[in-house]
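Asker: Enclosed is the structure file work-v6.pdb (PDB, C-alpha atoms and all ligand atoms).
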ATOM      1  CA  MET A1105     101.757  25.382  97.795  1.00  0.00           C
ATOM      2  CA  THR A1106      98.653  26.291  95.828  1.00  0.00           C
ATOM      3  CA  ASN A1107      95.309  27.104  97.376  1.00  0.00           C
ATOM      4  CA  CYS A1108      91.932  25.403  96.936  1.00  0.00           C
ATOM      5  CA  TYR A1109      90.021  26.541  93.864  1.00  0.00           C
ATOM      6  CA  VAL A1110      86.824  26.915  95.874  1.00  0.00           C
ATOM      7  CA  HIS A1111      88.277  28.257  99.101  1.00  0.00           C
ATOM      8  CA  LYS A1112      90.933  30.762  98.079  1.00  0.00           C
ATOM      9  CA  GLU A1113      92.166  31.055 101.665  1.00  0.00           C
ATOM     10  CA  ALA A1114      92.625  27.306 102.269  1.00  0.00           C
ATOM     11  CA  LEU A1115      95.746  25.361 101.350  1.00  0.00           C
ATOM     12  CA  SER A1116      95.182  22.516  98.928  1.00  0.00           C
ATOM     13  CA  VAL A1117      95.759  18.920 100.017  1.00  0.00           C
ATOM     14  CA  GLY A1118      95.882  17.633  96.452  1.00  0.00           C
ATOM     15  CA  THR A1119      94.255  17.837  93.065  1.00  0.00           C
ATOM     16  CA  CYS A1120      90.956  16.417  91.900  1.00  0.00           C
ATOM     17  CA  VAL A1121      91.532  13.388  89.647  1.00  0.00           C
ATOM     18  CA  SER A1122      88.545  14.385  87.573  1.00  0.00           C
ATOM     19  CA  CYS A1123      88.993  18.099  86.874  1.00  0.00           C
ATOM     20  CA  GLY A1124      92.652  18.476  87.940  1.00  0.00           C
ATOM     21  CA  LYS A1125      92.014  21.525  90.127  1.00  0.00           C
ATOM     22  CA  PHE A1126      93.609  22.052  93.539  1.00  0.00           C
ATOM     23  CA  ILE A1127      91.249  21.232  96.408  1.00  0.00           C
ATOM     24  CA  CYS A1128      91.420  21.742 100.178  1.00  0.00           C
ATOM     25  CA  GLU A1129      90.635  19.220 102.911  1.00  0.00           C
ATOM     26  CA  ASN A1130      87.001  20.360 102.954  1.00  0.00           C
ATOM     27  CA  CYS A1131      86.410  19.854  99.238  1.00  0.00           C
ATOM     28  CA  ASN A1132      88.282  16.590  99.030  1.00  0.00           C
ATOM     29  CA  THR A1133      86.277  13.398  98.824  1.00  0.00           C
ATOM     30  CA  GLU A1134      88.057  10.097  98.568  1.00  0.00           C
ATOM     31  CA  LEU A1135      86.315   8.113  95.888  1.00  0.00           C
ATOM     32  CA  LYS A1136      87.843   4.642  95.560  1.00  0.00           C
ATOM     33  CA  GLY A1137      91.065   5.967  97.131  1.00  0.00           C
ATOM     34  CA  LYS A1138      91.341   8.889  94.706  1.00  0.00           C
ATOM     35  CA  ASN A1139      90.899  12.555  95.542  1.00  0.00           C
ATOM     36  CA  THR A1140      87.843  14.045  93.930  1.00  0.00           C
ATOM     37  CA  CYS A1141      86.314  17.455  94.495  1.00  0.00           C
ATOM     38  CA  LYS A1142      82.698  17.850  95.600  1.00  0.00           C
ATOM     39  CA  LYS A1143      81.615  19.373  92.326  1.00  0.00           C
ATOM     40  CA  CYS A1144      82.913  16.384  90.359  1.00  0.00           C
ATOM     41  CA  VAL A1145      81.294  13.934  92.801  1.00  0.00           C
ATOM     42  CA  ASP A1146      77.964  15.668  92.235  1.00  0.00           C
ATOM     43  CA  GLU A1147      78.415  15.539  88.476  1.00  0.00           C
ATOM     44  CA  LEU A1148      79.361  11.886  88.734  1.00  0.00           C
ATOM     45  CA  PHE A1149      76.216  11.214  90.702  1.00  0.00           C
ATOM     46  CA  VAL A1150      73.901  12.806  88.148  1.00  0.00           C
ATOM     47  CA  GLU A1151      75.709  11.033  85.331  1.00  0.00           C
ATOM     48  CA  ASN A1152      75.410   7.665  87.087  1.00  0.00           C
ATOM     49  CA  LEU A1153      71.757   8.269  87.796  1.00  0.00           C
ATOM     50  CA  ARG A1154      71.106   8.819  84.099  1.00  0.00           C
ATOM     51  CA  LYS A1155      73.005   5.621  83.240  1.00  0.00           C
ATOM     52  CA  MET A1156      71.122   3.620  85.871  1.00  0.00           C
ATOM     53  CA  ASP A1157      67.818   4.925  84.575  1.00  0.00           C
ATOM     54  CA  LYS A1158      68.630   3.666  81.081  1.00  0.00           C
ATOM     55  CA  LEU A1159      69.920   0.393  82.480  1.00  0.00           C
ATOM     56  CA  GLU A1160      66.759  -0.223  84.465  1.00  0.00           C
ATOM     57  CA  ASP A1161      64.533   0.653  81.525  1.00  0.00           C
ATOM     58  CA  THR A1162      66.314  -1.712  79.145  1.00  0.00           C
ATOM     59  CA  SER A1163      66.680  -4.575  81.617  1.00  0.00           C
ATOM     60  CA  LYS A1164      63.135  -4.285  82.923  1.00  0.00           C
ATOM     61  CA  ALA A1165      61.856  -7.021  80.603  1.00  0.00           C
ATOM     62  CA  GLN A1166      64.328  -9.751  81.525  1.00  0.00           C
ATOM     63  CA  GLN A1167      64.736  -8.718  85.168  1.00  0.00           C
ATOM     64  CA  PRO A1168      63.682 -11.408  87.639  1.00  0.00           C
ATOM     65  CA  MET A1169      60.433 -10.317  89.253  1.00  0.00           C
ATOM     66  CA  VAL A1170      61.566 -10.878  92.853  1.00  0.00           C
ATOM     67  CA  PHE A1171      61.576  -7.166  93.656  1.00  0.00           C
ATOM     68  CA  MET A1172      58.160  -6.426  92.219  1.00  0.00           C
ATOM     69  CA  ASN A1173      56.322  -9.269  93.859  1.00  0.00           C
ATOM     70  CA  ALA A1174      55.731  -7.349  97.074  1.00  0.00           C
ATOM     71  CA  GLY A1175      53.784  -4.551  95.385  1.00  0.00           C
ATOM     72  CA  GLY A1176      52.307  -6.427  92.414  1.00  0.00           C
ATOM     73  CA  GLY A1177      50.146  -8.870  94.356  1.00  0.00           C
ATOM     74  CA  GLY A1178      47.176  -6.531  94.635  1.00  0.00           C
ATOM     75  CA  GLY A1179      46.806  -6.125  90.889  1.00  0.00           C
ATOM     76  CA  ALA A1180      46.529  -9.831  90.158  1.00  0.00           C
ATOM     77  CA  ALA A1181      44.001 -10.431  92.930  1.00  0.00           C
ATOM     78  CA  SER A1182      41.599  -7.710  91.862  1.00  0.00           C
ATOM     79  CA  SER A1183      41.621  -8.648  88.168  1.00  0.00           C
ATOM     80  CA  SER A1184      40.735 -12.269  88.916  1.00  0.00           C
ATOM     81  CA  SER A1185      37.917 -11.344  91.287  1.00  0.00           C
ATOM     82  CA  SER A1186      36.212  -8.928  88.863  1.00  0.00           C
ATOM     83  CA  GLY A1187      35.064 -11.936  86.802  1.00  0.00           C
ATOM     84  CA  SER A1188      33.090 -11.270  83.630  1.00  0.00           C
ATOM     85  CA  GLY A1189      32.652  -7.468  83.891  1.00  0.00           C
ATOM     86  CA  ASP A1190      34.790  -6.967  80.820  1.00  0.00           C
ATOM     87  CA  LEU A1191      33.701  -3.609  79.329  1.00  0.00           C
ATOM     88  CA  ALA A1192      34.092  -0.974  82.041  1.00  0.00           C
ATOM     89  CA  ARG A1193      36.989  -2.287  84.061  1.00  0.00           C
ATOM     90  CA  ASP A1194      38.279   0.038  86.757  1.00  0.00           C
ATOM     91  CA  PRO A1195      41.907   1.025  86.358  1.00  0.00           C
ATOM     92  CA  VAL A1196      44.229  -0.785  88.752  1.00  0.00           C
ATOM     93  CA  TYR A1197      46.680   1.314  90.730  1.00  0.00           C
ATOM     94  CA  THR A1198      49.411  -0.266  92.825  1.00  0.00           C
ATOM     95  CA  LYS A1199      51.266   2.943  93.698  1.00  0.00           C
ATOM     96  CA  SER A1200      49.931   6.091  95.312  1.00  0.00           C
ATOM     97  CA  LYS A1201      50.925   9.439  93.853  1.00  0.00           C
ATOM     98  CA  VAL A1202      50.574  11.181  97.205  1.00  0.00           C
ATOM     99  CA  VAL A1203      52.638   8.584  99.081  1.00  0.00           C
ATOM    100  CA  ALA A1204      55.359   8.747  96.409  1.00  0.00           C
ATOM    101  CA  GLY A1205      55.354  12.545  96.452  1.00  0.00           C
ATOM    102  CA  LEU A1206      55.595  12.754 100.236  1.00  0.00           C
ATOM    103  CA  LEU A1207      58.321  10.098 100.370  1.00  0.00           C
ATOM    104  CA  ALA A1208      60.310  11.965  97.729  1.00  0.00           C
ATOM    105  CA  ILE A1209      59.968  15.336  99.427  1.00  0.00           C
ATOM    106  CA  LEU A1210      60.492  14.168 103.021  1.00  0.00           C
ATOM    107  CA  LEU A1211      62.861  11.218 102.565  1.00  0.00           C
ATOM    108  CA  GLY A1212      64.164  11.826  99.042  1.00  0.00           C
ATOM    109  CA  THR A1213      67.699  12.220 100.395  1.00  0.00           C
ATOM    110  CA  PHE A1214      67.730   8.486 101.073  1.00  0.00           C
ATOM    111  CA  GLY A1215      66.015   7.508  97.809  1.00  0.00           C
ATOM    112  CA  VAL A1216      63.022   6.045  99.640  1.00  0.00           C
ATOM    113  CA  HIS A1217      60.677   6.982  96.754  1.00  0.00           C
ATOM    114  CA  LYS A1218      62.891   5.023  94.322  1.00  0.00           C
ATOM    115  CA  PHE A1219      62.616   1.919  96.506  1.00  0.00           C
ATOM    116  CA  TYR A1220      58.874   2.505  96.604  1.00  0.00           C
ATOM    117  CA  PHE A1221      58.777   2.292  92.796  1.00  0.00           C
ATOM    118  CA  GLY A1222      60.971  -0.839  92.778  1.00  0.00           C
ATOM    119  CA  LYS A1223      63.853   1.141  91.265  1.00  0.00           C
ATOM    120  CA  TRP A1224      66.239  -0.218  93.853  1.00  0.00           C
ATOM    121  CA  ILE A1225      69.431   0.459  91.885  1.00  0.00           C
ATOM    122  CA  GLN A1226      68.596   4.155  91.813  1.00  0.00           C
ATOM    123  CA  GLY A1227      67.588   4.018  95.451  1.00  0.00           C
ATOM    124  CA  ILE A1228      70.967   2.624  96.436  1.00  0.00           C
ATOM    125  CA  LEU A1229      72.653   5.360  94.394  1.00  0.00           C
ATOM    126  CA  TYR A1230      70.687   7.962  96.378  1.00  0.00           C
ATOM    127  CA  LEU A1231      71.799   6.279  99.599  1.00  0.00           C
ATOM    128  CA  ILE A1232      75.461   6.346  98.586  1.00  0.00           C
ATOM    129  CA  PHE A1233      75.281  10.043  97.695  1.00  0.00           C
ATOM    130  CA  PHE A1234      72.869  11.134 100.415  1.00  0.00           C
ATOM    131  CA  TRP A1235      75.495  13.389 102.034  1.00  0.00           C
ATOM    132  CA  THR A1236      75.654  15.636  98.960  1.00  0.00           C
ATOM    133  CA  TYR A1237      72.809  18.082  98.478  1.00  0.00           C
ATOM    134  CA  ILE A1238      71.833  16.541  95.119  1.00  0.00           C
ATOM    135  CA  PRO A1239      69.552  13.647  96.245  1.00  0.00           C
ATOM    136  CA  ALA A1240      67.599  15.917  98.604  1.00  0.00           C
ATOM    137  CA  LEU A1241      67.169  18.473  95.826  1.00  0.00           C
ATOM    138  CA  LEU A1242      66.181  15.843  93.253  1.00  0.00           C
ATOM    139  CA  GLY A1243      63.755  14.313  95.760  1.00  0.00           C
ATOM    140  CA  ILE A1244      61.902  17.603  96.211  1.00  0.00           C
ATOM    141  CA  ILE A1245      61.773  18.209  92.444  1.00  0.00           C
ATOM    142  CA  GLU A1246      60.571  14.650  91.790  1.00  0.00           C
ATOM    143  CA  GLY A1247      58.059  14.788  94.628  1.00  0.00           C
ATOM    144  CA  ILE A1248      56.478  17.940  93.229  1.00  0.00           C
ATOM    145  CA  ARG A1249      56.486  16.397  89.741  1.00  0.00           C
ATOM    146  CA  TYR A1250      54.560  13.351  91.039  1.00  0.00           C
ATOM    147  CA  LEU A1251      52.014  15.515  92.824  1.00  0.00           C
ATOM    148  CA  VAL A1252      51.226  17.799  89.868  1.00  0.00           C
ATOM    149  CA  LEU A1253      50.709  14.882  87.477  1.00  0.00           C
ATOM    150  CA  SER A1254      47.172  13.535  87.043  1.00  0.00           C
ATOM    151  CA  ASP A1255      46.542  10.105  88.600  1.00  0.00           C
ATOM    152  CA  ASP A1256      46.593   8.431  85.181  1.00  0.00           C
ATOM    153  CA  ASP A1257      49.734  10.205  83.969  1.00  0.00           C
ATOM    154  CA  PHE A1258      51.484   9.339  87.191  1.00  0.00           C
ATOM    155  CA  ALA A1259      50.443   5.687  87.026  1.00  0.00           C
ATOM    156  CA  GLN A1260      51.486   5.338  83.393  1.00  0.00           C
ATOM    157  CA  LYS A1261      54.933   6.737  84.106  1.00  0.00           C
ATOM    158  CA  TYR A1262      55.812   5.224  87.465  1.00  0.00           C
ATOM    159  CA  ASP A1263      53.386   2.467  88.429  1.00  0.00           C
ATOM    160  CA  LYS A1264      54.577  -0.830  86.975  1.00  0.00           C
ATOM    161  CA  GLY A1265      51.423  -2.670  88.094  1.00  0.00           C
ATOM    162  CA  TYR A1266      49.063  -0.079  86.550  1.00  0.00           C
ATOM    163  CA  ARG A1267      46.315  -1.361  84.229  1.00  0.00           C
ATOM    164  CA  ALA A1268      44.097   1.178  82.485  1.00  0.00           C
TER     165      ALA A1268
HETATM  166 ZN    ZN B   1      86.928  18.046  90.330  1.00  0.00          ZN
HETATM  167 ZN    ZN B   2      87.983  23.972  99.359  1.00  0.00          ZN
END
When written as structure tokens, how does the structure in this file appear?
Ligand SMILES: [Zn+2]
Ligand SMILES: [Zn+2]
Answerer:
Amino acid sequence: MTNCYVHKEALSVGTCVSCGKFICENCNTELKGKNTCKKCVDELFVENLRKMDKLEDTSKAQQPMVFMNAGGGGGAASSSSSGSGDLARDPVYTKSKVVAGLLAILLGTFGVHKFYFGKWIQGILYLIFFWTYIPALLGIIEGIRYLVLSDDDFAQKYDKGYRA
């Protein structure tokens, strides 16, 4: 019997369907009934995240607005109440940079900041993979990225209800 490619001292229980290497009980993750090693699961996660990001960006236009309604209400109300003051309109923010940053850093493992932005597909992906270290790590990186951006840069990138 061959040993695990990560743990040289542990006997392998099978091979990873993705990379074909021998993996022990510890490294084995059953993904849809197939053995996959942790490294490949992590890679799969990052790859999926990239796909989902593209998917959400391209489908944003024709997506039903059910998920955005909760956060978008404030924007509509304030623009109708401002009346005829048309030249110097205050920018409308519907998402807080600080809230998003803290959510990402503290609860990023569970994708809470993605749900906050209305990116629920990504959020669910974080939830599914929360037991790997990747979502927690990404959350901290993203949280810091939100916090170092200026309010306007942040709003332009992440706030769907933002009006400059
Ligand atoms: Zn593998
Ligand atoms: Zn192992």
Asker: Residues within 6 Å of ligand ZN 1 (chain B) should be enumerated using only C-alpha atoms and all ligand atoms and returned as a JSON list (two decimals) with C-alpha atoms, in the coordinates of the input.
Answerer:
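What landed in pocket19.json:
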[["chain", "number", "residue", "atom", "x", "y", "z"],
["A", 1120, "CYS", "CA", 90.96, 16.42, 91.90],
["A", 1122, "SER", "CA", 88.54, 14.38, 87.57],
["A", 1123, "CYS", "CA", 88.99, 18.10, 86.87],
["A", 1140, "THR", "CA", 87.84, 14.04, 93.93],
["A", 1141, "CYS", "CA", 86.31, 17.45, 94.50],
["A", 1143, "LYS", "CA", 81.61, 19.37, 92.33],
["A", 1144, "CYS", "CA", 82.91, 16.38, 90.36]]
Asker: Just give me the gap between atom CA of A:Arg1267 and atom CA of A:Tyr1230 in Å, one decimal is fine.
Answerer: 28.8 Å
Asker: Given a cut-off of 9 Å, what residues near ligand ZN 2 (chain B) show up using all atoms listed in the file, put as a VMD selection string?
Answerer: chain A and resid 1107 to 1116 1126 to 1132 1141 to 1142
Asker: In Å, how far is it from atom CA of A:Trp1224 to atom CA of A:Val1252?
Answerer: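 If I compute the distance from atom CA of A:Trp1224 to atom CA of A:Val1252, I get 23.8 Å.
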Asker: Would you kindly return, as a list in words, each protein, DNA or RNA residue with an atom no farther than 12 Å from any atom of A:Thr1213, considering all atoms listed in the file and excluding same-chain residues fewer than 5 positions away?
Answerer: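 In the requested form, the answer reads Leu1207, Ala1208, Lys1218, Gln1226, Gly1227, Ile1228, Leu1229, Tyr1230, Leu1231, Ile1232, Phe1233, Phe1234, Trp1235, Thr1236, Tyr1237, Ile1238, Pro1239, Ala1240, Leu1241, Leu1242, Gly1243, Ile1244, Ile1245, Glu1246 and Gly1247 of chain A.
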Asker: What does the PyMOL selection byres (((chain A and resi 1200) around 10) and not hetatm) select in this file, as JSON, numbers by chain?
Answerer: {"A": [1197, 1198, 1199, 1201, 1202, 1203, 1204, 1205, 1220, 1221, 1250, 1251, 1255, 1258, 1259, 1262, 1263]}
Asker: Mind giving me the straight-line distance from atom CA of A:Glu1134 to atom CA of A:Leu1159 in Å, one decimal?
Answerer: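 According to the coordinates, atom CA of A:Glu1134 and atom CA of A:Leu1159 are separated by 26.1 Å.
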Asker: Please return as a list in words every residue within 7 Å of (67.5, 0.9, 86.3), taking into account all atoms listed in the file and the file's own coordinates.
Answerer: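 Here is the list of nearby residues: Met1156, Asp1157, Lys1158, Leu1159, Glu1160, Asp1161, Lys1223, Ile1225 and Gln1226 of chain A.
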Asker: Can you work out which one of A:Val1117, A:Leu1135, A:Val1150, A:Ile1248 has the shortest atom-to-atom distance to A:Ile1209, counting all atoms listed in the file?
Answerer: A:Ile1248
